[in-house]
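Q: Take a look at this one; I'll ask things after.
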Amino acid sequence: MKIIKTGMAGSLESSDVLITVDSNTGKGRNISLESTVKRQYGKQILKVVEHTLDLLEISDVTVRLEDKGALDCTIRSRLEAAVYRAAGSETYPWESLT
């Protein structure tokens, strides 16, 4: 899948995450995380992001996360939505990637 524009999903509400996805052509993955629980769960959040990007076959991307304590399933679904929006996809495969 190729990122062609900026895509966003989520909110800054408690237990949610706001994810912004942009193209990073030829420069690999650039992931930045701001989180109220970064010290406790930062590594796990980044692991979920990397795994989801692997499943979506995204290699050149900038991902910004503003986390307010979201669960892994929320992070994964918000990231998927942001990527599909950034790819300009008109359809969404509702079956799980995992």
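A note on labels: chains of the structure tokens are A, B, ... as shown, every chain counts residues from 1, and ligands are counted from 1 in their shown order.
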Hey, what's within 10 Å of stretch 44-58 of chain A if we count only C-alpha atoms and toss same-chain stuff fewer than 5 positions away? As a PyMOL selection string, please?
A: chain A and resi 1-3+23+28-29+31-33+35+37-38+63+65+67+69-73+75-77+79-80+83-84+97-98
Q: Give me, as JSON, numbers by chain, the residues of chain A that a backbone DSSP run labels strand (DSSP E or B).
A: {"A": [7, 8, 9, 17, 18, 19, 20, 21, 22, 23, 29, 30, 31, 32, 33, 34, 35, 61, 62, 63, 64, 65, 66, 67]}
Q: For the residues in that selection, give me C-alpha atoms as a PDB file, in the first residue's frame.
A:
ATOM      1  CA  GLY A   7      -4.441  10.404   7.042  1.00  0.00           C
ATOM      2  CA  MET A   8      -5.763  10.780  10.577  1.00  0.00           C
ATOM      3  CA  ALA A   9      -7.865   8.691  12.943  1.00  0.00           C
ATOM      4  CA  VAL A  17      -5.178   7.779  20.522  1.00  0.00           C
ATOM      5  CA  LEU A  18      -4.891  10.342  17.720  1.00  0.00           C
ATOM      6  CA  ILE A  19      -2.778   8.946  14.889  1.00  0.00           C
ATOM      7  CA  THR A  20      -1.476  10.926  11.916  1.00  0.00           C
ATOM      8  CA  VAL A  21       0.121   9.139   8.965  1.00  0.00           C
ATOM      9  CA  ASP A  22       2.198  10.829   6.226  1.00  0.00           C
ATOM     10  CA  SER A  23       4.398   9.695   3.373  1.00  0.00           C
ATOM     11  CA  ARG A  29       9.629   4.424   9.046  1.00  0.00           C
ATOM     12  CA  ASN A  30       9.632   7.419  11.361  1.00  0.00           C
ATOM     13  CA  ILE A  31       7.439   6.870  14.416  1.00  0.00           C
ATOM     14  CA  SER A  32       6.971   9.441  17.150  1.00  0.00           C
ATOM     15  CA  LEU A  33       5.006   8.784  20.334  1.00  0.00           C
ATOM     16  CA  GLU A  34       3.589  11.152  22.908  1.00  0.00           C
ATOM     17  CA  SER A  35       1.746   9.264  25.619  1.00  0.00           C
ATOM     18  CA  VAL A  61       5.864   6.296   6.487  1.00  0.00           C
ATOM     19  CA  THR A  62       5.819   8.919   9.205  1.00  0.00           C
ATOM     20  CA  VAL A  63       3.481   8.038  12.077  1.00  0.00           C
ATOM     21  CA  ARG A  64       2.660  10.436  14.923  1.00  0.00           C
ATOM     22  CA  LEU A  65       0.765   9.099  17.930  1.00  0.00           C
ATOM     23  CA  GLU A  66      -0.791  11.201  20.674  1.00  0.00           C
ATOM     24  CA  ASP A  67      -1.892   8.522  23.122  1.00  0.00           C
TER      25      ASP A  67
END
Q: In Å to one decimal, how far is atom CA of A:Thr36 from atom CA of A:Ala82?
A: 21.0 Å
Q: Which of chain A counts as helix (DSSP H, G or I) under DSSP, as a PyMOL selection string please?
A: chain A and resi 38-55+72-86
Q: Keeping only N, CA and C atoms, take the residues you just selected and write them out as a tab-separated table (two decimals), in the first residue's frame.
A:
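Final file, part.tsv:
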chain	number	residue	atom	x	y	z
A	38	LYS	N	3.66	6.52	28.50
A	38	LYS	CA	4.85	6.14	27.72
A	38	LYS	C	5.87	5.37	28.55
A	39	ARG	N	6.09	5.79	29.78
A	39	ARG	CA	7.09	5.12	30.63
A	39	ARG	C	6.70	3.67	30.90
A	40	GLN	N	5.40	3.43	31.08
A	40	GLN	CA	4.94	2.08	31.40
A	40	GLN	C	4.74	1.22	30.15
A	41	TYR	N	4.19	1.81	29.08
A	41	TYR	CA	3.74	1.01	27.93
A	41	TYR	C	4.31	1.45	26.58
A	42	GLY	N	5.25	2.37	26.58
A	42	GLY	CA	5.79	2.89	25.32
A	42	GLY	C	6.33	1.82	24.39
A	43	LYS	N	7.08	0.86	24.93
A	43	LYS	CA	7.64	-0.21	24.09
A	43	LYS	C	6.54	-1.06	23.47
A	44	GLN	N	5.52	-1.36	24.23
A	44	GLN	CA	4.41	-2.17	23.72
A	44	GLN	C	3.64	-1.40	22.64
A	45	ILE	N	3.41	-0.13	22.84
A	45	ILE	CA	2.71	0.69	21.84
A	45	ILE	C	3.49	0.68	20.53
A	46	LEU	N	4.79	0.89	20.60
A	46	LEU	CA	5.62	0.90	19.40
A	46	LEU	C	5.64	-0.47	18.73
A	47	LYS	N	5.61	-1.53	19.52
A	47	LYS	CA	5.57	-2.89	18.98
A	47	LYS	C	4.26	-3.11	18.19
A	48	VAL	N	3.15	-2.64	18.73
A	48	VAL	CA	1.85	-2.76	18.05
A	48	VAL	C	1.88	-1.98	16.73
A	49	VAL	N	2.45	-0.79	16.75
A	49	VAL	CA	2.53	0.04	15.55
A	49	VAL	C	3.38	-0.66	14.49
A	50	GLU	N	4.56	-1.12	14.87
A	50	GLU	CA	5.45	-1.80	13.92
A	50	GLU	C	4.79	-3.04	13.33
A	51	HIS	N	4.16	-3.84	14.18
A	51	HIS	CA	3.51	-5.07	13.72
A	51	HIS	C	2.38	-4.75	12.73
A	52	THR	N	1.58	-3.75	13.04
A	52	THR	CA	0.47	-3.37	12.17
A	52	THR	C	0.98	-2.85	10.83
A	53	LEU	N	2.04	-2.04	10.85
A	53	LEU	CA	2.63	-1.55	9.60
A	53	LEU	C	3.19	-2.71	8.78
A	54	ASP	N	3.77	-3.71	9.44
A	54	ASP	CA	4.26	-4.90	8.74
A	54	ASP	C	3.11	-5.62	8.04
A	55	LEU	N	2.01	-5.81	8.75
A	55	LEU	CA	0.85	-6.49	8.17
A	55	LEU	C	0.27	-5.72	6.98
A	72	ASP	N	-4.29	-1.81	23.08
A	72	ASP	CA	-3.65	-2.26	21.84
A	72	ASP	C	-4.63	-2.35	20.68
A	73	CYS	N	-5.82	-2.88	20.92
A	73	CYS	CA	-6.80	-3.03	19.84
A	73	CYS	C	-7.24	-1.68	19.29
A	74	THR	N	-7.31	-0.67	20.14
A	74	THR	CA	-7.67	0.68	19.69
A	74	THR	C	-6.55	1.28	18.87
A	75	ILE	N	-5.31	1.11	19.32
A	75	ILE	CA	-4.16	1.62	18.58
A	75	ILE	C	-4.12	0.99	17.19
A	76	ARG	N	-4.29	-0.32	17.14
A	76	ARG	CA	-4.26	-1.05	15.86
A	76	ARG	C	-5.36	-0.56	14.92
A	77	SER	N	-6.58	-0.43	15.41
A	77	SER	CA	-7.68	-0.02	14.54
A	77	SER	C	-7.55	1.43	14.09
A	78	ARG	N	-7.08	2.30	14.97
A	78	ARG	CA	-6.87	3.70	14.58
A	78	ARG	C	-5.76	3.81	13.53
A	79	LEU	N	-4.70	3.04	13.69
A	79	LEU	CA	-3.60	3.06	12.73
A	79	LEU	C	-4.07	2.53	11.37
A	80	GLU	N	-4.81	1.44	11.37
A	80	GLU	CA	-5.34	0.90	10.12
A	80	GLU	C	-6.21	1.95	9.41
A	81	ALA	N	-7.10	2.59	10.14
A	81	ALA	CA	-7.97	3.60	9.55
A	81	ALA	C	-7.17	4.77	8.98
A	82	ALA	N	-6.18	5.24	9.73
A	82	ALA	CA	-5.35	6.35	9.26
A	82	ALA	C	-4.58	5.97	7.99
A	83	VAL	N	-4.05	4.75	7.94
A	83	VAL	CA	-3.30	4.30	6.76
A	83	VAL	C	-4.21	4.21	5.55
A	84	TYR	N	-5.39	3.60	5.71
A	84	TYR	CA	-6.30	3.49	4.58
A	84	TYR	C	-6.74	4.87	4.09
A	85	ARG	N	-6.96	5.80	4.98
A	85	ARG	CA	-7.30	7.17	4.58
A	85	ARG	C	-6.13	7.82	3.85
A	86	ALA	N	-4.90	7.61	4.35
A	86	ALA	CA	-3.71	8.20	3.72
A	86	ALA	C	-3.43	7.58	2.36
Q: Which residue, A:Gly88, A:Pro93, A:Gly26, A:Gly10, has the smallest gap to A:Lys68 when you use only C-alpha atoms?
A: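 Result for the nearest residue to A:Lys68: A:Gly10.
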